[in-house]
Amino acid sequence: MPRAAENCGRSLTSDLNSVEGLGFYLYRSTARDGLGADELQDILLEARRRNQALGLTGCLHYEDGLFFQWLEGPVEGLRDVVASIERDRRHVSLDVLDQGSLDHRRFQDWRMRFSDRDKASLMDWFAKSDSSTVHRGDYAGGVVAFMMSIAV
Ligand SMILES: Cc1cc2nc3c(=O)[nH]c(=O)nc-3n(C[C@H](O)[C@H](O)[C@H](O)COP(=O)(O)O)c2cc1C
């Protein structure tokens with residue numbers, strides 16, 4: 001079971017400063033107004049290049065103007081990229097859903113998997129699942145379960 005799903009009922013287990021080895025970071029954010037397909041492509045190109053260099057993997061889902069991203073890998077590189085992502089003006093209202101240490105990667109083969117509503121809908125997935133979108137821990141677990149279900 002994804003670590004995020006195990007955190008039901010609790011607030012964030014840790015921040016990345018207390019993590020050694022492999023870490024993960026899961027967030028939701030809102031795309032800047034008017035963000036176009038070209039900019040989305042730029043983000044992906046840049047992300048995949050840097051993730052490859054730092055040994056990071058993960059999944060980025062974009063739906064109805066919202067980004068959902070799971071990023072995982074060696075914590076030194078992860079911390080740097082998270083700092084970049086948090087100050088990136090191409091999105092706003094970044095909300096950390098979960099972060100912490102990881103025993104094994106969830107997206108081993110993906111420098112950054114990308115999906116959007118045309119491929120799979122997170123909102124439809126939640127509508128059909130038992131996961132709560134109100135309870136923070138359930139919500140984070142649901143987002144990860146959705147991402148893992150499409151990254152096969
Ligand atoms: C939604 C979103 C997801 C991103 N994902 C990644 C990522 O997975 N890896 C990455 O290196 N950069 C990612 N970026 C780009 C970074 O924010 C940043 O622009 C890039 O890493 C260059 O870092 P710098 O601006 O500090 O030089 C993402 C940006 C956005 C808006």
# chains A, B, ... in the order shown; residues from 1 in each chain; ligands from 1
call {"tool": "residues_near_ligand", "arguments": {"ligand": "ligand 1", "cutoff": "9 Å", "atoms": "only C-alpha atoms and all ligand atoms", "output": "number ranges by chain"}}
result
A: 28-32, 39-40, 42-54, 56-62, 66-71, 78, 80-92, 111-112
call {"tool": "select_by_dssp", "arguments": {"residues": "stretch 68-134 of chain A", "states": "alpha helix (DSSP H)", "output": "ChimeraX atom specification"}}
result
/A:75-86,122-128
call {"tool": "closest_residue", "arguments": {"among": "A:Arg79, A:Arg113, A:Arg105, A:Arg136", "to": "A:Val152", "atoms": "only C-alpha atoms"}}
result
A:Arg113
call {"tool": "atom_distance", "arguments": {"atom1": "atom CA of A:Ala127", "atom2": "atom CA of A:Leu97"}}
result
19.3 Å
call {"tool": "closest_residue", "arguments": {"among": "A:Glu76, A:Asp116, A:Asp95, A:Asp109", "to": "A:Gly21", "atoms": "only C-alpha atoms"}}
result
A:Glu76
call {"tool": "residues_around", "arguments": {"residues": "A:Gly142", "least_positions_apart": "4", "cutoff": "9 Å", "atoms": "only C-alpha atoms", "output": "PyMOL selection string"}}
result
chain A and resi 4-5+122+125-126+129-133+137-138+146-147
call {"tool": "atom_distance", "arguments": {"atom1": "atom CA of A:Asp98", "atom2": "atom CA of A:Asp124"}}
result
21.8 Å
call {"tool": "closest_residue", "arguments": {"among": "A:Asp33, A:Asp118, A:Glu63, A:Glu20", "to": "A:Leu102", "atoms": "only C-alpha atoms"}}
result
A:Glu20
call {"tool": "closest_residue", "arguments": {"among": "A:Ala151, A:Val19, A:Ala37, A:Val134", "to": "A:Arg106", "atoms": "only C-alpha atoms"}}
result
A:Ala151
call {"tool": "atom_distance", "arguments": {"atom1": "atom CA of A:Lys119", "atom2": "atom CA of A:Gly36"}}
result
17.9 Å
call {"tool": "decode", "arguments": {"residues": "stretch 64-82 of chain A", "atoms": "N, CA and C atoms", "output": "PDB file, in the first residue's frame"}}
result
ATOM      1  N   ASP A  64      -8.507  19.746 -15.318  1.00  0.00           N
ATOM      2  CA  ASP A  64      -9.333  20.909 -14.958  1.00  0.00           C
ATOM      3  C   ASP A  64      -8.511  22.031 -14.329  1.00  0.00           C
ATOM      4  N   GLY A  65      -7.335  22.276 -14.887  1.00  0.00           N
ATOM      5  CA  GLY A  65      -6.506  23.379 -14.387  1.00  0.00           C
ATOM      6  C   GLY A  65      -5.746  23.068 -13.107  1.00  0.00           C
ATOM      7  N   LEU A  66      -5.798  21.822 -12.666  1.00  0.00           N
ATOM      8  CA  LEU A  66      -5.067  21.439 -11.453  1.00  0.00           C
ATOM      9  C   LEU A  66      -3.928  20.483 -11.801  1.00  0.00           C
ATOM     10  N   PHE A  67      -2.788  20.670 -11.132  1.00  0.00           N
ATOM     11  CA  PHE A  67      -1.695  19.705 -11.226  1.00  0.00           C
ATOM     12  C   PHE A  67      -1.715  18.821  -9.979  1.00  0.00           C
ATOM     13  N   PHE A  68      -1.425  17.534 -10.180  1.00  0.00           N
ATOM     14  CA  PHE A  68      -1.181  16.603  -9.081  1.00  0.00           C
ATOM     15  C   PHE A  68       0.152  15.943  -9.399  1.00  0.00           C
ATOM     16  N   GLN A  69       1.088  15.996  -8.474  1.00  0.00           N
ATOM     17  CA  GLN A  69       2.397  15.413  -8.791  1.00  0.00           C
ATOM     18  C   GLN A  69       2.938  14.604  -7.617  1.00  0.00           C
ATOM     19  N   TRP A  70       3.426  13.438  -7.967  1.00  0.00           N
ATOM     20  CA  TRP A  70       4.180  12.575  -7.036  1.00  0.00           C
ATOM     21  C   TRP A  70       5.606  12.563  -7.556  1.00  0.00           C
ATOM     22  N   LEU A  71       6.546  12.895  -6.685  1.00  0.00           N
ATOM     23  CA  LEU A  71       7.955  12.938  -7.063  1.00  0.00           C
ATOM     24  C   LEU A  71       8.711  12.128  -6.022  1.00  0.00           C
ATOM     25  N   GLU A  72       9.643  11.286  -6.471  1.00  0.00           N
ATOM     26  CA  GLU A  72      10.346  10.392  -5.539  1.00  0.00           C
ATOM     27  C   GLU A  72      11.797  10.234  -5.973  1.00  0.00           C
ATOM     28  N   GLY A  73      12.656   9.923  -5.008  1.00  0.00           N
ATOM     29  CA  GLY A  73      14.052   9.664  -5.348  1.00  0.00           C
ATOM     30  C   GLY A  73      14.969  10.054  -4.206  1.00  0.00           C
ATOM     31  N   PRO A  74      16.295  10.021  -4.456  1.00  0.00           N
ATOM     32  CA  PRO A  74      17.266  10.381  -3.429  1.00  0.00           C
ATOM     33  C   PRO A  74      16.967  11.778  -2.876  1.00  0.00           C
ATOM     34  N   VAL A  75      16.933  11.878  -1.558  1.00  0.00           N
ATOM     35  CA  VAL A  75      16.337  13.065  -0.948  1.00  0.00           C
ATOM     36  C   VAL A  75      17.111  14.364  -1.227  1.00  0.00           C
ATOM     37  N   GLU A  76      18.423  14.267  -1.457  1.00  0.00           N
ATOM     38  CA  GLU A  76      19.189  15.503  -1.725  1.00  0.00           C
ATOM     39  C   GLU A  76      18.667  16.170  -2.997  1.00  0.00           C
ATOM     40  N   GLY A  77      18.552  15.380  -4.075  1.00  0.00           N
ATOM     41  CA  GLY A  77      18.047  15.910  -5.344  1.00  0.00           C
ATOM     42  C   GLY A  77      16.581  16.302  -5.225  1.00  0.00           C
ATOM     43  N   LEU A  78      15.838  15.491  -4.508  1.00  0.00           N
ATOM     44  CA  LEU A  78      14.408  15.752  -4.337  1.00  0.00           C
ATOM     45  C   LEU A  78      14.180  17.113  -3.670  1.00  0.00           C
ATOM     46  N   ARG A  79      14.952  17.380  -2.616  1.00  0.00           N
ATOM     47  CA  ARG A  79      14.799  18.670  -1.912  1.00  0.00           C
ATOM     48  C   ARG A  79      15.043  19.845  -2.865  1.00  0.00           C
ATOM     49  N   ASP A  80      16.087  19.722  -3.707  1.00  0.00           N
ATOM     50  CA  ASP A  80      16.404  20.814  -4.638  1.00  0.00           C
ATOM     51  C   ASP A  80      15.266  21.046  -5.629  1.00  0.00           C
ATOM     52  N   VAL A  81      14.749  19.943  -6.187  1.00  0.00           N
ATOM     53  CA  VAL A  81      13.697  20.085  -7.196  1.00  0.00           C
ATOM     54  C   VAL A  81      12.412  20.606  -6.553  1.00  0.00           C
ATOM     55  N   VAL A  82      12.107  20.132  -5.363  1.00  0.00           N
ATOM     56  CA  VAL A  82      10.913  20.621  -4.672  1.00  0.00           C
ATOM     57  C   VAL A  82      11.021  22.138  -4.436  1.00  0.00           C
TER      58      VAL A  82
END
